[in-house]
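Accompanying notes for the structure given below.
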Amino acid sequence: MTIAETLLGLLEPAPRHGYDLRREYDAQFGERRPVKPAQVYATLGRLARDGDIHVVSVEQVGGPERTTYALTPDGVTRLERWLVEPEAHTPYLQSVIFTKVILALRSGRPAERLLDAQRTAHVAAMRELIRRKSGADLTTVLSCDFTIFHLEADLRWLEHTAARLDKLAEELAEEL
Amino acid sequence: MSEPLLHATDLHLAFGPTKALAGAGIEVRAGEMVALVGSSGSGKSTLLHCLAGILRPDSGEVTYRGARLDTLSEEARSKLRRDEFGFVFQFGSLVPELTAVENVALPLRLAGAKRRGAETKAREWLERLGVLEVAAKRPGEMSGGQGQRVAVARALVAGPRVVFADEPTGALDSFNGELVMEELMGAARAQGASVVLVTHETRIAAYADREIVLRDGRVTSPMVAL
């Protein structure tokens, strides 16, 4: 997740301080990987240095100092550019599984077993996500769907590979 | 552990030279949702048809509630299917000449219920599945998603102990497919019915408690409930 641009997006509606931003970031996007406080403050510092946000006020009520930030016009431009920019394809788990399959076959180990184990783990993860979707709000449903459809793609690859293991083993044996 | 509701052992069935089942076996417990998965020709639909008493295996045994099902006469199996089972198929589940409400009322009417009572109950089910607005329409006048929801209502209206669903989402887009699955599984669970689901989509299979993978007419990985 690109923390800088996400913080810009969260700051756009109204000025806020770091603690508040971190809480909202975690509530909306940080389920699997909450953001560390130090990351938020360091990122806000960089954004301020680059002129994408500016300090509106610094106040101290009992606890630590709270700095409130707001977006600058440059920050809005950066956010808008980022929103419409297509994201690069993310390499997924297959590459690791692929390496395992090749190494297993090259060493004469049963690759079916690792594919089956991976499949079981993926299906279990999918089942859990489907359970979580039941009766959940749309934000949660769509967030779960994102992972479900990626798991589905992985599973399809696992099935294709499982069906061609013998051929793959033959091909690898010729190469060695 | 309780006795399985449905139990099949060492089923063999060939269509001419093609072996559809080559030693498949399965157990389904009361209230359990089981998905049969596998590639085309793996035997998953044939296994479902044998479990439901639609096809008779060449050899092997199918028992339902402790009694042999595969040795029953065609008439007895037909009665069993009507009284105890519900069905949802990929296409053509509904009678094209009947309206949605008449289709859903059909299992009740076949069991001897009076028309008015059967149709009242059918309407309740259509409402529950969010398709009351198509009550007076015939299958040709409904969308694929509406038709499948009507088919789910018909499968469940008579309170079956087992629902057999063969590619129930096969003709639907992924969004409508999910809606149908949620409704099918939710309604079956609420009634305590077991579901035997055939699908080639893992995402759809994941709605079940457990999946059975078939390859070349055999069960390859009887994965336990997770």
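Chain labels run A, B, ... following the order of the structure tokens; each chain numbers its residues from 1, and ligands are numbered from 1 in the order shown.
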Surrounding residues of Val56 in chain A excluding itself and chain neighbours under 5 positions, 9 Å, only C-alpha atoms, as a ChimeraX atom specification: /A:15-16,67-70
Chain A contacts on chain B, only C-alpha atoms, 7 Å, as an NGL selection string: :B and (202-203 or 206-207 or 226)
Step one, run DSSP on the backbone; step two, keep only residues of chain A assigned to alpha helix (DSSP H); then write them as a short mmCIF file (atom, residue, chain, number, x, y, z; two decimals) with N, CA and C atoms, in the first residue's frame.
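Output file states-v4.cif is given in full below:
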data_model
loop_
_atom_site.label_atom_id
_atom_site.label_comp_id
_atom_site.auth_asym_id
_atom_site.auth_seq_id
_atom_site.Cartn_x
_atom_site.Cartn_y
_atom_site.Cartn_z
N ILE A 3 1.49 4.36 1.32
CA ILE A 3 1.00 5.09 2.50
C ILE A 3 0.85 6.59 2.21
N ALA A 4 1.84 7.15 1.51
CA ALA A 4 1.81 8.61 1.29
C ALA A 4 0.52 9.04 0.59
N GLU A 5 0.23 8.38 -0.54
CA GLU A 5 -0.96 8.80 -1.30
C GLU A 5 -2.25 8.48 -0.54
N THR A 6 -2.24 7.38 0.20
CA THR A 6 -3.43 7.03 0.97
C THR A 6 -3.69 8.11 2.03
N LEU A 7 -2.63 8.57 2.68
CA LEU A 7 -2.80 9.63 3.68
C LEU A 7 -3.31 10.91 3.03
N LEU A 8 -2.81 11.20 1.82
CA LEU A 8 -3.32 12.38 1.11
C LEU A 8 -4.83 12.24 0.88
N GLY A 9 -5.25 11.05 0.49
CA GLY A 9 -6.67 10.79 0.23
C GLY A 9 -7.50 10.95 1.50
N LEU A 10 -6.96 10.48 2.62
CA LEU A 10 -7.69 10.58 3.88
C LEU A 10 -7.72 12.03 4.38
N LEU A 11 -6.71 12.81 4.01
CA LEU A 11 -6.63 14.21 4.46
C LEU A 11 -7.50 15.14 3.63
N GLY A 18 -2.08 13.41 13.00
CA GLY A 18 -1.51 12.10 12.69
C GLY A 18 -2.22 10.93 13.36
N TYR A 19 -2.56 11.09 14.64
CA TYR A 19 -3.18 9.99 15.38
C TYR A 19 -4.52 9.60 14.74
N ASP A 20 -5.27 10.63 14.40
CA ASP A 20 -6.57 10.45 13.76
C ASP A 20 -6.43 9.73 12.41
N LEU A 21 -5.43 10.16 11.65
CA LEU A 21 -5.19 9.57 10.32
C LEU A 21 -4.83 8.10 10.44
N ARG A 22 -3.99 7.80 11.42
CA ARG A 22 -3.55 6.41 11.59
C ARG A 22 -4.75 5.52 11.94
N ARG A 23 -5.62 6.06 12.83
CA ARG A 23 -6.80 5.29 13.23
C ARG A 23 -7.69 5.00 12.03
N GLU A 24 -7.90 5.99 11.20
CA GLU A 24 -8.78 5.78 10.05
C GLU A 24 -8.12 4.87 9.00
N TYR A 25 -6.84 5.04 8.83
CA TYR A 25 -6.10 4.17 7.90
C TYR A 25 -6.29 2.71 8.29
N ASP A 26 -6.07 2.43 9.58
CA ASP A 26 -6.20 1.04 10.05
C ASP A 26 -7.63 0.53 9.92
N ALA A 27 -8.59 1.39 10.23
CA ALA A 27 -10.00 0.97 10.17
C ALA A 27 -10.38 0.62 8.73
N GLN A 28 -9.89 1.40 7.78
CA GLN A 28 -10.33 1.21 6.41
C GLN A 28 -9.45 0.24 5.61
N PHE A 29 -8.14 0.32 5.82
CA PHE A 29 -7.24 -0.44 4.95
C PHE A 29 -6.25 -1.33 5.68
N PRO A 37 2.81 3.62 13.83
CA PRO A 37 2.74 5.06 14.09
C PRO A 37 3.94 5.81 13.49
N ALA A 38 5.12 5.22 13.65
CA ALA A 38 6.32 5.91 13.14
C ALA A 38 6.26 6.12 11.63
N GLN A 39 5.64 5.14 10.92
CA GLN A 39 5.51 5.26 9.45
C GLN A 39 4.64 6.47 9.11
N VAL A 40 3.54 6.60 9.88
CA VAL A 40 2.61 7.69 9.60
C VAL A 40 3.30 9.04 9.82
N TYR A 41 3.97 9.16 10.97
CA TYR A 41 4.58 10.46 11.27
C TYR A 41 5.73 10.77 10.32
N ALA A 42 6.51 9.75 9.97
CA ALA A 42 7.63 9.98 9.04
C ALA A 42 7.08 10.39 7.67
N THR A 43 5.99 9.71 7.24
CA THR A 43 5.41 10.03 5.93
C THR A 43 4.83 11.44 5.92
N LEU A 44 4.16 11.78 7.01
CA LEU A 44 3.58 13.14 7.08
C LEU A 44 4.70 14.18 7.01
N GLY A 45 5.83 13.89 7.68
CA GLY A 45 6.98 14.79 7.64
C GLY A 45 7.48 14.98 6.22
N ARG A 46 7.56 13.87 5.46
CA ARG A 46 8.05 13.94 4.08
C ARG A 46 7.06 14.70 3.18
N LEU A 47 5.78 14.42 3.40
CA LEU A 47 4.75 15.09 2.59
C LEU A 47 4.79 16.60 2.83
N ALA A 48 5.03 17.01 4.10
CA ALA A 48 5.10 18.44 4.45
C ALA A 48 6.35 19.05 3.80
N ARG A 49 7.46 18.30 3.86
CA ARG A 49 8.72 18.79 3.27
C ARG A 49 8.56 19.00 1.75
N PRO A 73 -2.56 22.56 -2.73
CA PRO A 73 -2.94 22.29 -4.13
C PRO A 73 -2.00 21.27 -4.79
N ASP A 74 -0.70 21.32 -4.47
CA ASP A 74 0.23 20.32 -5.01
C ASP A 74 -0.15 18.92 -4.54
N GLY A 75 -0.59 18.84 -3.28
CA GLY A 75 -1.01 17.55 -2.73
C GLY A 75 -2.22 17.00 -3.46
N VAL A 76 -3.16 17.89 -3.78
CA VAL A 76 -4.36 17.47 -4.52
C VAL A 76 -3.96 16.95 -5.90
N THR A 77 -3.03 17.67 -6.56
CA THR A 77 -2.56 17.25 -7.89
C THR A 77 -1.92 15.87 -7.81
N ARG A 78 -1.07 15.67 -6.80
CA ARG A 78 -0.39 14.37 -6.64
C ARG A 78 -1.41 13.25 -6.41
N LEU A 79 -2.39 13.55 -5.56
CA LEU A 79 -3.43 12.55 -5.25
C LEU A 79 -4.21 12.19 -6.52
N GLU A 80 -4.59 13.23 -7.29
CA GLU A 80 -5.39 12.97 -8.50
C GLU A 80 -4.61 12.17 -9.53
N ARG A 81 -3.32 12.49 -9.66
CA ARG A 81 -2.48 11.76 -10.61
C ARG A 81 -2.39 10.28 -10.21
N TRP A 82 -2.20 10.08 -8.92
CA TRP A 82 -2.06 8.70 -8.41
C TRP A 82 -3.36 7.90 -8.59
N LEU A 83 -4.49 8.57 -8.34
CA LEU A 83 -5.78 7.86 -8.43
C LEU A 83 -6.03 7.28 -9.82
N VAL A 84 -5.64 8.02 -10.86
CA VAL A 84 -5.96 7.54 -12.22
C VAL A 84 -4.83 6.73 -12.85
N GLN A 94 2.14 -17.53 -6.82
CA GLN A 94 2.51 -18.60 -7.74
C GLN A 94 4.01 -18.71 -7.92
N SER A 95 4.69 -17.56 -7.97
CA SER A 95 6.11 -17.63 -8.26
C SER A 95 6.83 -18.49 -7.22
N VAL A 96 6.41 -18.38 -5.96
CA VAL A 96 7.03 -19.20 -4.91
C VAL A 96 6.61 -20.66 -5.10
N ILE A 97 5.30 -20.86 -5.35
CA ILE A 97 4.83 -22.23 -5.54
C ILE A 97 5.51 -22.83 -6.78
N PHE A 98 5.63 -22.01 -7.81
CA PHE A 98 6.27 -22.46 -9.05
C PHE A 98 7.69 -22.96 -8.74
N THR A 99 8.43 -22.17 -7.97
CA THR A 99 9.81 -22.57 -7.61
C THR A 99 9.79 -23.90 -6.86
N LYS A 100 8.84 -24.03 -5.94
CA LYS A 100 8.75 -25.27 -5.16
C LYS A 100 8.45 -26.47 -6.07
N VAL A 101 7.52 -26.26 -7.02
CA VAL A 101 7.15 -27.36 -7.94
C VAL A 101 8.37 -27.80 -8.74
N ILE A 102 9.09 -26.83 -9.29
CA ILE A 102 10.26 -27.16 -10.12
C ILE A 102 11.31 -27.90 -9.28
N LEU A 103 11.58 -27.37 -8.09
CA LEU A 103 12.61 -28.00 -7.25
C LEU A 103 12.19 -29.41 -6.82
N ALA A 104 10.89 -29.57 -6.52
CA ALA A 104 10.40 -30.89 -6.12
C ALA A 104 10.59 -31.88 -7.26
N LEU A 105 10.17 -31.48 -8.47
CA LEU A 105 10.27 -32.39 -9.62
C LEU A 105 11.72 -32.70 -9.97
N ARG A 106 12.57 -31.68 -9.89
CA ARG A 106 13.99 -31.91 -10.22
C ARG A 106 14.64 -32.89 -9.26
N ALA A 111 5.54 -33.76 -6.34
CA ALA A 111 5.05 -32.38 -6.39
C ALA A 111 3.55 -32.30 -6.16
N GLU A 112 2.84 -33.42 -6.42
CA GLU A 112 1.38 -33.42 -6.20
C GLU A 112 1.06 -33.02 -4.77
N ARG A 113 1.91 -33.53 -3.86
CA ARG A 113 1.61 -33.32 -2.45
C ARG A 113 1.64 -31.83 -2.10
N LEU A 114 2.62 -31.14 -2.64
CA LEU A 114 2.68 -29.72 -2.30
C LEU A 114 1.57 -28.93 -2.98
N LEU A 115 1.19 -29.37 -4.19
CA LEU A 115 0.07 -28.70 -4.86
C LEU A 115 -1.23 -28.94 -4.11
N ASP A 116 -1.41 -30.19 -3.65
CA ASP A 116 -2.62 -30.51 -2.88
C ASP A 116 -2.67 -29.72 -1.59
N ALA A 117 -1.53 -29.63 -0.90
CA ALA A 117 -1.48 -28.90 0.37
C ALA A 117 -1.80 -27.42 0.14
N GLN A 118 -1.25 -26.89 -0.96
CA GLN A 118 -1.49 -25.48 -1.27
C GLN A 118 -2.96 -25.26 -1.60
N ARG A 119 -3.51 -26.20 -2.34
CA ARG A 119 -4.92 -26.10 -2.73
C ARG A 119 -5.81 -26.12 -1.48
N THR A 120 -5.51 -27.05 -0.56
CA THR A 120 -6.29 -27.15 0.68
C THR A 120 -6.23 -25.83 1.45
N ALA A 121 -5.03 -25.26 1.54
CA ALA A 121 -4.87 -24.01 2.29
C ALA A 121 -5.62 -22.87 1.61
N HIS A 122 -5.55 -22.83 0.28
CA HIS A 122 -6.25 -21.76 -0.45
C HIS A 122 -7.77 -21.90 -0.31
N VAL A 123 -8.26 -23.13 -0.42
CA VAL A 123 -9.72 -23.33 -0.31
C VAL A 123 -10.19 -22.98 1.10
N ALA A 124 -9.38 -23.34 2.11
CA ALA A 124 -9.75 -23.01 3.49
C ALA A 124 -9.80 -21.49 3.67
N ALA A 125 -8.83 -20.80 3.08
CA ALA A 125 -8.82 -19.33 3.18
C ALA A 125 -10.05 -18.74 2.49
N MET A 126 -10.39 -19.34 1.33
CA MET A 126 -11.54 -18.87 0.58
C MET A 126 -12.84 -19.07 1.37
N ARG A 127 -12.93 -20.25 1.99
CA ARG A 127 -14.13 -20.58 2.77
C ARG A 127 -14.29 -19.58 3.93
N GLU A 128 -13.18 -19.26 4.57
CA GLU A 128 -13.21 -18.31 5.69
C GLU A 128 -13.67 -16.93 5.21
N LEU A 129 -13.17 -16.52 4.05
CA LEU A 129 -13.57 -15.21 3.50
C LEU A 129 -15.06 -15.20 3.16
N ILE A 130 -15.55 -16.32 2.62
CA ILE A 130 -16.98 -16.40 2.28
C ILE A 130 -17.82 -16.30 3.55
N ARG A 131 -17.34 -16.93 4.62
CA ARG A 131 -18.04 -16.82 5.91
C ARG A 131 -18.08 -15.37 6.38
N ARG A 132 -16.94 -14.71 6.22
CA ARG A 132 -16.87 -13.33 6.70
C ARG A 132 -17.78 -12.40 5.91
N LYS A 133 -17.98 -12.73 4.63
CA LYS A 133 -18.81 -11.87 3.79
C LYS A 133 -20.28 -11.92 4.19
N LEU A 138 -20.84 -3.63 2.70
CA LEU A 138 -20.33 -3.77 1.34
C LEU A 138 -18.82 -3.55 1.25
N THR A 139 -18.28 -2.66 2.08
CA THR A 139 -16.82 -2.43 2.07
C THR A 139 -16.10 -3.74 2.38
N THR A 140 -16.57 -4.43 3.41
CA THR A 140 -15.95 -5.70 3.80
C THR A 140 -16.15 -6.74 2.69
N VAL A 141 -17.37 -6.80 2.14
CA VAL A 141 -17.67 -7.78 1.09
C VAL A 141 -16.71 -7.61 -0.09
N LEU A 142 -16.54 -6.37 -0.53
CA LEU A 142 -15.70 -6.13 -1.71
C LEU A 142 -14.22 -6.36 -1.40
N SER A 143 -13.83 -6.06 -0.17
CA SER A 143 -12.44 -6.31 0.22
C SER A 143 -12.18 -7.82 0.24
N CYS A 144 -13.14 -8.59 0.77
CA CYS A 144 -13.02 -10.06 0.76
C CYS A 144 -13.02 -10.57 -0.68
N ASP A 145 -13.91 -10.02 -1.52
CA ASP A 145 -14.01 -10.47 -2.92
C ASP A 145 -12.68 -10.31 -3.64
N PHE A 146 -11.99 -9.21 -3.36
CA PHE A 146 -10.70 -8.96 -4.02
C PHE A 146 -9.77 -10.15 -3.77
N THR A 147 -9.69 -10.57 -2.51
CA THR A 147 -8.81 -11.69 -2.17
C THR A 147 -9.36 -13.01 -2.71
N ILE A 148 -10.68 -13.19 -2.65
CA ILE A 148 -11.29 -14.43 -3.14
C ILE A 148 -10.97 -14.65 -4.63
N PHE A 149 -11.12 -13.58 -5.42
CA PHE A 149 -10.88 -13.74 -6.86
C PHE A 149 -9.39 -13.99 -7.16
N HIS A 150 -8.50 -13.42 -6.35
CA HIS A 150 -7.07 -13.71 -6.54
C HIS A 150 -6.75 -15.14 -6.14
N LEU A 151 -7.38 -15.59 -5.06
CA LEU A 151 -7.18 -16.99 -4.65
C LEU A 151 -7.67 -17.92 -5.75
N GLU A 152 -8.79 -17.54 -6.36
CA GLU A 152 -9.37 -18.35 -7.42
C GLU A 152 -8.40 -18.47 -8.60
N ALA A 153 -7.75 -17.37 -8.93
CA ALA A 153 -6.77 -17.41 -10.02
C ALA A 153 -5.61 -18.34 -9.67
N ASP A 154 -5.14 -18.25 -8.43
CA ASP A 154 -4.07 -19.15 -7.97
C ASP A 154 -4.52 -20.61 -8.08
N LEU A 155 -5.76 -20.86 -7.66
CA LEU A 155 -6.28 -22.23 -7.67
C LEU A 155 -6.36 -22.78 -9.09
N ARG A 156 -6.73 -21.90 -10.00
CA ARG A 156 -6.82 -22.33 -11.40
C ARG A 156 -5.43 -22.73 -11.90
N TRP A 157 -4.44 -21.95 -11.51
CA TRP A 157 -3.06 -22.27 -11.91
C TRP A 157 -2.63 -23.59 -11.27
N LEU A 158 -3.00 -23.80 -10.01
CA LEU A 158 -2.63 -25.04 -9.32
C LEU A 158 -3.22 -26.25 -10.05
N GLU A 159 -4.50 -26.10 -10.48
CA GLU A 159 -5.16 -27.21 -11.17
C GLU A 159 -4.51 -27.49 -12.53
N HIS A 160 -4.21 -26.42 -13.25
CA HIS A 160 -3.53 -26.58 -14.55
C HIS A 160 -2.20 -27.29 -14.37
N THR A 161 -1.49 -26.87 -13.35
CA THR A 161 -0.16 -27.45 -13.12
C THR A 161 -0.28 -28.90 -12.69
N ALA A 162 -1.24 -29.17 -11.78
CA ALA A 162 -1.42 -30.54 -11.30
C ALA A 162 -1.72 -31.49 -12.46
N ALA A 163 -2.49 -30.98 -13.44
CA ALA A 163 -2.87 -31.82 -14.57
C ALA A 163 -1.71 -32.06 -15.53
N LEU A 165 1.72 -32.28 -14.48
CA LEU A 165 2.96 -32.57 -13.75
C LEU A 165 3.85 -33.60 -14.44
N ASP A 166 3.22 -34.64 -14.98
CA ASP A 166 4.02 -35.70 -15.62
C ASP A 166 4.82 -35.13 -16.79
N LYS A 167 4.13 -34.32 -17.59
CA LYS A 167 4.77 -33.72 -18.76
C LYS A 167 5.91 -32.79 -18.32
N LEU A 168 5.63 -32.02 -17.28
CA LEU A 168 6.63 -31.07 -16.76
C LEU A 168 7.86 -31.85 -16.25
N ALA A 169 7.60 -32.95 -15.55
CA ALA A 169 8.71 -33.76 -15.03
C ALA A 169 9.57 -34.28 -16.18
N GLU A 170 8.88 -34.72 -17.25
CA GLU A 170 9.61 -35.23 -18.43
C GLU A 170 10.50 -34.15 -19.04
N GLU A 171 9.90 -32.97 -19.18
CA GLU A 171 10.61 -31.84 -19.78
C GLU A 171 11.85 -31.48 -18.95
N LEU A 172 11.65 -31.48 -17.64
CA LEU A 172 12.77 -31.12 -16.75
C LEU A 172 13.87 -32.19 -16.81
N ALA A 173 13.45 -33.44 -16.91
CA ALA A 173 14.43 -34.54 -16.97
C ALA A 173 15.30 -34.41 -18.22
N GLU A 174 14.67 -33.97 -19.31
CA GLU A 174 15.43 -33.78 -20.57
C GLU A 174 16.46 -32.67 -20.42
N GLU A 175 16.07 -31.64 -19.68
CA GLU A 175 16.96 -30.48 -19.53
C GLU A 175 18.17 -30.80 -18.66
#
12 Å contact set for Leu126 in chain B, only C-alpha atoms, chain neighbours under 6 positions out, as JSON, numbers by chain: {"B": [99, 100, 101, 102, 103, 104, 105, 119, 120, 132, 133, 134, 135, 136, 146, 147, 148, 149, 150, 151, 152, 153, 154, 155, 156, 157, 183, 187]}
If you keep C-alpha atoms, can you produce a file of those selected residues as a PDB file, in the first residue's frame?
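Listed below is the output, again.pdb:
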ATOM      1  CA  THR B  99     -45.457 -19.734 -14.090  1.00  0.00           C
ATOM      2  CA  ALA B 100     -42.883 -19.262 -11.322  1.00  0.00           C
ATOM      3  CA  VAL B 101     -45.464 -19.783  -8.605  1.00  0.00           C
ATOM      4  CA  GLU B 102     -46.819 -22.917 -10.314  1.00  0.00           C
ATOM      5  CA  ASN B 103     -43.279 -24.259 -10.724  1.00  0.00           C
ATOM      6  CA  VAL B 104     -42.491 -23.756  -7.044  1.00  0.00           C
ATOM      7  CA  ALA B 105     -45.845 -25.221  -5.988  1.00  0.00           C
ATOM      8  CA  GLU B 119     -49.354 -21.681  -4.108  1.00  0.00           C
ATOM      9  CA  THR B 120     -49.476 -19.682  -0.865  1.00  0.00           C
ATOM     10  CA  LEU B 132     -41.891 -12.528  -5.803  1.00  0.00           C
ATOM     11  CA  GLU B 133     -42.151 -10.042  -8.679  1.00  0.00           C
ATOM     12  CA  VAL B 134     -41.793 -12.875 -11.209  1.00  0.00           C
ATOM     13  CA  ALA B 135     -44.493 -15.031  -9.565  1.00  0.00           C
ATOM     14  CA  ALA B 136     -46.814 -14.806 -12.579  1.00  0.00           C
ATOM     15  CA  GLN B 146     -34.305 -15.003 -11.354  1.00  0.00           C
ATOM     16  CA  GLY B 147     -34.896 -18.420 -12.914  1.00  0.00           C
ATOM     17  CA  GLN B 148     -32.245 -20.042 -10.717  1.00  0.00           C
ATOM     18  CA  ARG B 149     -33.694 -18.423  -7.594  1.00  0.00           C
ATOM     19  CA  VAL B 150     -37.097 -19.788  -8.544  1.00  0.00           C
ATOM     20  CA  ALA B 151     -35.428 -23.188  -9.017  1.00  0.00           C
ATOM     21  CA  VAL B 152     -33.880 -22.903  -5.526  1.00  0.00           C
ATOM     22  CA  ALA B 153     -37.334 -22.084  -4.106  1.00  0.00           C
ATOM     23  CA  ARG B 154     -38.767 -25.133  -5.842  1.00  0.00           C
ATOM     24  CA  ALA B 155     -35.965 -27.348  -4.553  1.00  0.00           C
ATOM     25  CA  LEU B 156     -36.599 -26.300  -0.960  1.00  0.00           C
ATOM     26  CA  VAL B 157     -40.360 -25.731  -0.778  1.00  0.00           C
ATOM     27  CA  GLU B 183     -29.655 -18.129  -0.897  1.00  0.00           C
ATOM     28  CA  ALA B 187     -32.105 -21.584   3.081  1.00  0.00           C
TER      29      ALA B 187
END
Distance criterion (only C-alpha atoms): nearest to Glu74 in chain B out of B:Gly112, B:Gly53, B:Pro96, B:Pro168: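 Result for the nearest residue to Glu74 in chain B: B:Gly53.
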Please list as a PDB file with N, CA and C atoms, in the first residue's frame every residue within 7 Å of range 10-19 of chain B, counting only C-alpha atoms and excluding residues in the same chain fewer than 4 positions away.
ATOM      1  N   GLY B  23     -15.033 -46.676  -8.938  1.00  0.00           N
ATOM      2  CA  GLY B  23     -14.719 -46.950  -7.531  1.00  0.00           C
ATOM      3  C   GLY B  23     -14.938 -45.762  -6.615  1.00  0.00           C
ATOM      4  N   ALA B  24     -15.828 -44.850  -7.009  1.00  0.00           N
ATOM      5  CA  ALA B  24     -16.059 -43.654  -6.192  1.00  0.00           C
ATOM      6  C   ALA B  24     -16.865 -43.975  -4.936  1.00  0.00           C
ATOM      7  N   GLY B  25     -16.568 -43.283  -3.863  1.00  0.00           N
ATOM      8  CA  GLY B  25     -17.315 -43.445  -2.616  1.00  0.00           C
ATOM      9  C   GLY B  25     -17.411 -42.123  -1.888  1.00  0.00           C
ATOM     10  N   PRO B  57     -25.951 -47.385 -10.394  1.00  0.00           N
ATOM     11  CA  PRO B  57     -24.577 -47.798 -10.722  1.00  0.00           C
ATOM     12  C   PRO B  57     -24.528 -49.238 -11.229  1.00  0.00           C
ATOM     13  N   ASP B  58     -23.495 -49.576 -12.013  1.00  0.00           N
ATOM     14  CA  ASP B  58     -23.312 -50.958 -12.474  1.00  0.00           C
ATOM     15  C   ASP B  58     -22.962 -51.853 -11.283  1.00  0.00           C
ATOM     16  N   SER B  59     -22.157 -51.316 -10.388  1.00  0.00           N
ATOM     17  CA  SER B  59     -21.854 -52.049  -9.151  1.00  0.00           C
ATOM     18  C   SER B  59     -21.533 -51.049  -8.056  1.00  0.00           C
ATOM     19  N   GLY B  60     -21.479 -51.570  -6.826  1.00  0.00           N
ATOM     20  CA  GLY B  60     -21.314 -50.688  -5.679  1.00  0.00           C
ATOM     21  C   GLY B  60     -22.649 -50.462  -5.000  1.00  0.00           C
ATOM     22  N   GLU B  61     -22.630 -49.752  -3.868  1.00  0.00           N
ATOM     23  CA  GLU B  61     -23.852 -49.556  -3.087  1.00  0.00           C
ATOM     24  C   GLU B  61     -24.089 -48.089  -2.777  1.00  0.00           C
TER      25      GLU B  61
END
Spatial neighbours of Ser194 in chain B, max dist 6 Å, only C-alpha atoms, sep filter under 5 positions, as a PyMOL selection string: chain B and resi 30-33+162
Selected residue of minimal separation from Glu141 in chain B among B:Asp216, B:Glu84, B:Glu97, B:Glu201, counting only C-alpha atoms: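 Between B:Asp216, B:Glu84, B:Glu97, B:Glu201, the residue approaching Glu141 in chain B most closely is B:Glu97.
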I want to know what sits within 10 Å of Ala8 in chain B, based on only C-alpha atoms, with residues of the same chain fewer than 5 positions away left out; could you give that as a PDB file with C-alpha atoms, in the first residue's frame?
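Generated output (around14.pdb):
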ATOM      1  CA  GLY B  23     -14.719 -46.950  -7.531  1.00  0.00           C
ATOM      2  CA  ALA B  24     -16.059 -43.654  -6.192  1.00  0.00           C
ATOM      3  CA  GLY B  25     -17.315 -43.445  -2.616  1.00  0.00           C
ATOM      4  CA  ILE B  26     -18.674 -40.708  -0.388  1.00  0.00           C
ATOM      5  CA  GLU B  27     -20.453 -40.047   2.905  1.00  0.00           C
ATOM      6  CA  VAL B  28     -22.813 -37.158   3.520  1.00  0.00           C
ATOM      7  CA  LEU B  47     -21.810 -39.473  -8.795  1.00  0.00           C
ATOM      8  CA  CYS B  50     -26.222 -42.022  -8.474  1.00  0.00           C
ATOM      9  CA  LEU B  51     -26.552 -40.509  -4.989  1.00  0.00           C
ATOM     10  CA  GLY B  60     -21.314 -50.688  -5.679  1.00  0.00           C
ATOM     11  CA  GLU B  61     -23.852 -49.556  -3.087  1.00  0.00           C
ATOM     12  CA  VAL B  62     -25.748 -46.380  -2.309  1.00  0.00           C
ATOM     13  CA  THR B  63     -27.567 -46.199   1.011  1.00  0.00           C
ATOM     14  CA  TYR B  64     -29.892 -43.454   2.162  1.00  0.00           C
ATOM     15  CA  ARG B  68     -30.175 -49.439  -0.038  1.00  0.00           C
ATOM     16  CA  LEU B  69     -31.266 -46.903  -2.608  1.00  0.00           C
ATOM     17  CA  ASP B  70     -29.658 -48.298  -5.749  1.00  0.00           C
TER      18      ASP B  70
END
DSSP-assigned strand (DSSP E or B) among range 16-157 of chain B, expressed as a list in words: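 Those residues are Thr18, Lys19, Ala20, Leu21, Ala22, Gly23, Ala24, Gly25, Ile26, Glu27, Val28, Met33, Val34, Ala35, Leu36, Val37, Ser59, Gly60, Glu61, Val62, Thr63, Tyr64, Ala67, Arg68, Phe85, Gly86, Phe87, Val88 and Phe89 of chain B.
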Would you mind listing what lies within 12 Å of His49 in chain B as a compact mmCIF listing (two decimals) with C-alpha atoms, in the first residue's frame, with only C-alpha atoms counted and same-chain residues fewer than 4 positions away left out?
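What ended up in out_7.txt:
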# COMPACT_ATOMS: atom_id res chain seq x y z
CA ALA B 8 -21.93 -44.62 -1.41
CA LEU B 11 -19.43 -47.15 -7.31
CA LEU B 13 -20.68 -46.99 -13.86
CA ALA B 20 -17.75 -42.50 -15.65
CA LEU B 21 -17.25 -43.92 -12.16
CA LEU B 36 -18.06 -32.47 -5.60
CA GLY B 43 -17.45 -38.24 -12.81
CA LYS B 44 -18.78 -35.62 -10.41
CA SER B 45 -22.20 -35.24 -12.05
CA GLY B 53 -31.23 -42.24 -7.35
CA ILE B 54 -31.48 -40.86 -10.88
CA LEU B 55 -28.85 -43.26 -12.22
CA ARG B 56 -28.25 -46.79 -11.03
CA PRO B 57 -24.58 -47.80 -10.72
CA VAL B 62 -25.75 -46.38 -2.31
CA LEU B 69 -31.27 -46.90 -2.61
CA ASP B 70 -29.66 -48.30 -5.75
CA ARG B 77 -36.70 -44.19 -6.38
CA ARG B 81 -36.74 -38.21 -5.02
CA PHE B 85 -34.86 -34.68 -2.24
CA PHE B 87 -32.97 -30.52 -7.20
CA PHE B 89 -29.70 -27.91 -12.23
CA VAL B 163 -30.74 -30.83 -1.99
CA PHE B 164 -28.79 -31.91 -5.08
CA ALA B 165 -27.41 -29.00 -7.06
CA ASP B 166 -25.61 -29.70 -10.34
CA VAL B 196 -24.63 -32.12 -2.47
CA LEU B 197 -23.23 -29.58 -4.88
CA VAL B 198 -21.45 -30.24 -8.18
